[in-house]
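Inspection log for the structure reproduced underneath, given as structure tokens.
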Amino acid sequence: MKDTIVLGLGNVLMGDEGIGVRIVQELQSTCGERFPQVDFVDAGVGGMRLLHRIAGRRRAIFIDCARMDAEPGTIRRFTPDQVRTRKGLVHRSLHEADLLNILDLSRQLGECPREVVLFGIEPERIAEGIGLSPRLESRLAAYVQAVAGGLA
Amino acid sequence: MSKNIRINVHHLTRVEGHGNIVVNVANGTVEKCQWQVPEAPRFFEAMVRGRRWDDIQTIVSRICGICSITHSLASTKAVEDALGLEVSEQTDLLRILMHYSEQLQSHVLHVGYLVAPDLFRAPSVVPLVPKAPDAVKTIIRVHRVANTWSDLLAGRTTHPTTLKPGGLTKIPTEKELRDLQETLKATVSDLVTICEVVLSVADKMPAFERDTEYVSLRQNDPPTYTFYHGGITSTDCNGDGPVPIQQWESVANEYVHPQSTAKWTRWHRDSYAVGALARFNNNADLLSPLGKKVAAMFGLKKGCCNPFMNNVAQLVEAAHVVETSIGMIDELLTRGLKSEKVQVTPKAGRGSGCVEAPRGILFHSYEFDKDGLCTGGNICIPTNQNHANIQKDFETFVPAFMDRGQDELRLGLEMLVRSYDPCISCSTHMLDIEFVK
């Protein structure tokens with residue numbers, strides 16, 4: 001098992017919602033060989049399966065579209081203890097998995113990576129359709145660099 | 001008895017699957033009782049237009065993060081039906097094995113992570129860990145097995161990469177299958193443990209029954225507890241032969257209802273139910289011995305009309321797919337695995353594909369022009385087929401349980417919706433956060 005896992009989250013059919021997947025695909029194709037100890041994973045909309053993906057790793061890095069009340073296109077790096085979820089989920093559906101809850105569960109089970117980092121990208125357009133908004137598309141290289149910069 | 005009740009379980013944002021529960025009781029009279037679905041439509045049928053025949057699976061697998069294998073299989077079968085492609089018996093067996101992995105994954109996830117907290121009176125699985133640590137760890141262990149199983153057959157856990165109309169792009173080695181078989185054999189005892197844990201708290205499931213039509217696949221040749229082949233049947237068909245899946249639109253009879261952005265469906269009655277309990281009610285006689293044993297543990301019998309028992313039917317099916325897969329791997333290994341090349345020539349046509357998603361029967365249809373470009377699609381997911389039935393259940397449940405008070409009634413209604421294992425939407429899962437540091 002590789003030491004580090006980088007997970008791109010999102011739905012590529014919902015505009016900027018797919019930014020995490022796009023970044024991880026770019027990372028895989030441009031930096032895959034530079035970082036042999038890193039697994040780059042298109043994790044789709046993730047859900048509870050993320051629990052298994054990260055179990056036993058030293059480091060997990062998540063890249064996801066995030067509503068952070070920032071300017072669209074902004075990327076922010078943070079750790080789970082710096083944020084609080086605003087989702088009011090009532091767990092009626094399996095589709096309501098919340099990443100921060102999954103990390104909490106992973107910690108309780110004693111299998112959470114020592115280092116967990118999240119990159120959030122504020123969306124401009126979340127709507128049906130394939131492809132990012134021009135603003136996010138134009139910044140793709142910068143996002144890739146922001147994540148890759150911390151991988152060494 | 002509570003004379004006045006107001007329940008309004010409402011989602012404020014549009015970023016997750018949405019379903020609202022609205023109940024008003026005034027002076028002991030039910031004035032309003034609704035299951036509302038205000039979720040934004042998804043327009044997948046429009047998204048596939050103009051796409052090539054071999055792109056469809058990749059796109060529609062993103063409909064759902066939980067049952068992406070199922071959507072991929074239904075769409076692949078539909079494309080094969082449209083292009084007149086036959087697949088080999090080996091491909092068929094490997095696809096069914098792939099599909100079973102998702103049934104286990106989804107059922108264990110649902111019963112373990114969503115239903116168990118209700119039964120143990122915990123708000124979610126996270127606070128359940130200190131209450132029942134061994135049970136949670138067992139559930140996670142089985143879920144992990146199911147994920148690894150999907151990885152092997154589908155190429156990755158979510159959004160398969162090995163499926164292609166006409167065949168598979170990658171097949172496992174005999175050693176990998178043998179290892180999987182050993183893992184599945186070792187999982188049986190964990191599954192039995194999960195069943196025992198759920199049985200110990202099964203009395204928390206309300207004793208509620210409503211005569212219901214149950215719709216699922218039925219395969220008579222050879223007789224099989226099917227998730228993949230066969231035709232459409234229902235408990236109202238009285239033994240008439242299954243309806244060919246190409247005629248699914250005349251079964252679902254989709255219509256628009258003002259309290260829902262998702263279409264509703266009806267066949268012989270005002271509503272019908274799909275899912276594990278529907279499959280059980282139509283096919284219980286064809287379960288594997290372990291599946292039958294689990295059903296007997298809970299006293300689940302054909303003809304059950306308690307929607308909460310869908311959770312138990314999911315456990316029955318989890319046992320069934322594991323036991324059946326152990327046998328299927330023997331069959332595959334006896335035949336020996338062969339690599340196969342697939343040649344496809346696109347042509348104009350229309351086709352349908354139908355499989356059982358973990359949460360019920362799923363239909364896909366597509367039309368292609370002579371170059372294999374998609375000119376139209378139609379998809380009908382299981383949860384849409386359950387919405388009208390959930391509403392009908394509400395109308396019976398509320399008067400029957402309203403004397404227990406507002407809080408218990410609300411919990412009962414939430415558990416009722418949850419028992420259908422709804423897939424209201426999984427289009428977006430973005431983080432919605434505020435910084436605290």
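How things are named: the first chain in the structure tokens is A, the next is B, and so on; residues count from 1 in each chain; ligands count from 1 in the order shown.
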Residues of region 13-46 of chain A in strand (DSSP E), written as a short mmCIF file (atom, residue, chain, number, x, y, z; two decimals) with N, CA and C atoms, in the first residue's frame:
```
data_model
loop_
_atom_site.label_atom_id
_atom_site.label_comp_id
_atom_site.auth_asym_id
_atom_site.auth_seq_id
_atom_site.Cartn_x
_atom_site.Cartn_y
_atom_site.Cartn_z
N VAL A 38 2.66 7.82 -4.18
CA VAL A 38 1.35 8.45 -4.07
C VAL A 38 0.35 7.74 -4.99
N ASP A 39 -0.82 7.39 -4.44
CA ASP A 39 -1.94 6.89 -5.25
C ASP A 39 -2.83 8.07 -5.60
N PHE A 40 -3.08 8.28 -6.88
CA PHE A 40 -4.02 9.33 -7.30
C PHE A 40 -5.33 8.65 -7.67
N VAL A 41 -6.41 9.01 -7.01
CA VAL A 41 -7.66 8.28 -7.19
C VAL A 41 -8.82 9.21 -7.55
N ASP A 42 -9.48 8.89 -8.66
CA ASP A 42 -10.75 9.55 -8.99
C ASP A 42 -11.80 8.84 -8.16
#
```
Those of region 19-190 of chain B in DSSP helix (DSSP H, G or I), formatted as a ChimeraX atom specification: /B:44-47,56-63,68-83,89-119,125-131,133-154,174-190
List every residue of chain A that has an atom at most 9 Å from any atom of chain B, giving for each one its closest atom pair and the distance in Å to one decimal, counting only C-alpha atoms, sorted by chain and then by ascending residue number, as a tab-separated table.
```
residue	atom	partner	partner_atom	distance
A:Leu9	CA	B:Met430	CA	8.1
A:Gly10	CA	B:His429	CA	6.6
A:Asn11	CA	B:Thr428	CA	6.3
A:Val12	CA	B:Arg62	CA	7.8
A:Leu13	CA	B:Arg62	CA	7.3
A:Met14	CA	B:Ser427	CA	7.0
A:Glu17	CA	B:Thr428	CA	6.5
A:Gly18	CA	B:Thr428	CA	8.8
A:Asp42	CA	B:Thr158	CA	9.0
A:Ala43	CA	B:Thr158	CA	7.1
A:Gly44	CA	B:Gly65	CA	6.7
A:Val45	CA	B:Gly65	CA	5.4
A:Gly46	CA	B:Gly65	CA	6.6
A:Gly47	CA	B:Gly65	CA	7.1
A:Met48	CA	B:Leu109	CA	7.9
A:Arg49	CA	B:Asn147	CA	7.5
A:Leu51	CA	B:Ile140	CA	8.9
A:His52	CA	B:Arg144	CA	6.3
A:Asp64	CA	B:Met430	CA	6.5
A:Cys65	CA	B:Met430	CA	5.3
A:Ala66	CA	B:Leu431	CA	4.5
A:Arg67	CA	B:Asp432	CA	4.9
A:Met68	CA	B:Ile433	CA	5.8
A:Asp69	CA	B:Glu434	CA	8.0
A:Asp81	CA	B:Lys437	CA	7.7
A:Gln82	CA	B:Lys437	CA	4.8
A:Val83	CA	B:Phe435	CA	4.4
A:Arg84	CA	B:Glu434	CA	5.5
A:Thr85	CA	B:Ile433	CA	4.5
A:Arg86	CA	B:Ile433	CA	5.3
A:Lys87	CA	B:Asp432	CA	6.3
A:Gly88	CA	B:His11	CA	7.3
A:Leu89	CA	B:His11	CA	8.0
A:Val90	CA	B:Pro123	CA	8.5
A:His91	CA	B:Leu114	CA	6.6
A:Arg92	CA	B:Arg418	CA	4.9
A:Ser93	CA	B:Pro422	CA	5.6
A:Leu94	CA	B:His110	CA	6.5
A:His95	CA	B:Cys426	CA	5.6
A:Glu96	CA	B:Glu16	CA	6.4
A:Ala97	CA	B:His429	CA	7.9
A:Asp98	CA	B:Leu431	CA	7.6
A:Leu99	CA	B:Leu431	CA	7.4
A:Leu100	CA	B:Leu431	CA	8.6
A:Asn101	CA	B:Val126	CA	7.3
A:Ile102	CA	B:Val126	CA	8.2
A:Asp104	CA	B:Val126	CA	7.1
A:Leu105	CA	B:Val126	CA	5.3
A:Gln108	CA	B:Val129	CA	7.2
A:Leu109	CA	B:Lys137	CA	7.8
A:Gly120	CA	B:Leu431	CA	7.9
A:Ile126	CA	B:Thr428	CA	8.5
A:Ala127	CA	B:Arg42	CA	8.9
A:Glu128	CA	B:Arg42	CA	6.6
A:Gly129	CA	B:Met47	CA	7.1
A:Ile130	CA	B:Met47	CA	8.3
```
Contacts of Glu115 (chain A) at 8 Å or less, counting only C-alpha atoms, minus same-chain residues fewer than 5 places along, as a PDB file with N, CA and C atoms, in the first residue's frame?
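Writing done, so here's result.pdb:
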```pdb
ATOM      1  N   ARG A  58      -0.528   6.767   5.623  1.00  0.00           N
ATOM      2  CA  ARG A  58       0.076   7.770   6.491  1.00  0.00           C
ATOM      3  C   ARG A  58      -0.561   9.133   6.230  1.00  0.00           C
ATOM      4  N   ARG A  59      -0.895   9.390   4.966  1.00  0.00           N
ATOM      5  CA  ARG A  59      -1.379  10.717   4.607  1.00  0.00           C
ATOM      6  C   ARG A  59      -2.526  10.597   3.585  1.00  0.00           C
ATOM      7  N   ALA A  60      -3.578  11.357   3.801  1.00  0.00           N
ATOM      8  CA  ALA A  60      -4.682  11.409   2.830  1.00  0.00           C
ATOM      9  C   ALA A  60      -4.938  12.862   2.459  1.00  0.00           C
TER      10      ALA A  60
END
```
Residues within 9 Å of Met1 (chain A), only C-alpha atoms, excluding chain neighbours under 5 positions, as a list in words: Gln37, Asp39, Gly56 and Arg57 of chain A
Pairwise distance for CA of Val192 (chain B) and CA of Gln103 (chain B), rounded to one decimal in Å: 16.6 Å
For CA of Ile21 (chain B) and CA of Arg404 (chain B), the interatomic separation in Å (one decimal): 17.3 Å
d(CA of Ala318 (chain B), CA of Val188 (chain B)) in Å: 9.7 Å
Contacts of Leu27 (chain A) within 9 Å, only C-alpha atoms, excl. fewer than 3 positions in-chain, as an NGL selection string: :A and (22-24 or 30-32 or 40 or 144-145 or 147-148)
Shell of 8 Å around Glu80 (chain B), only C-alpha atoms, local chain residues under 6 positions omitted, as a list of chain:residue names: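 In the requested format, the answer is B:Glu86, B:Pro165, B:Gly166, B:Gly351.
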Nearby residues (only C-alpha atoms) at most 7 Å from Thr224 (chain B), same-chain spacing under 3 positions excluded, as number ranges by chain: B: 219-220, 286
Just to be explicit: take each residue in the selection above, keep N, CA, C and O atoms, and write the result as a PDB file, in the first residue's frame.
```
ATOM      1  N   GLN B 219     -36.841 -14.622 -13.267  1.00  0.00           N
ATOM      2  CA  GLN B 219     -36.191 -15.442 -14.290  1.00  0.00           C
ATOM      3  C   GLN B 219     -36.621 -16.889 -14.114  1.00  0.00           C
ATOM      4  O   GLN B 219     -36.371 -17.497 -13.074  1.00  0.00           O
ATOM      5  N   ASN B 220     -37.259 -17.428 -15.173  1.00  0.00           N
ATOM      6  CA  ASN B 220     -37.753 -18.813 -15.086  1.00  0.00           C
ATOM      7  C   ASN B 220     -36.861 -19.824 -15.790  1.00  0.00           C
ATOM      8  O   ASN B 220     -36.986 -21.024 -15.576  1.00  0.00           O
ATOM      9  N   LEU B 286     -36.412 -19.225  -4.650  1.00  0.00           N
ATOM     10  CA  LEU B 286     -35.177 -19.484  -5.400  1.00  0.00           C
ATOM     11  C   LEU B 286     -33.920 -19.041  -4.655  1.00  0.00           C
ATOM     12  O   LEU B 286     -32.819 -19.054  -5.211  1.00  0.00           O
TER      13      LEU B 286
END
```
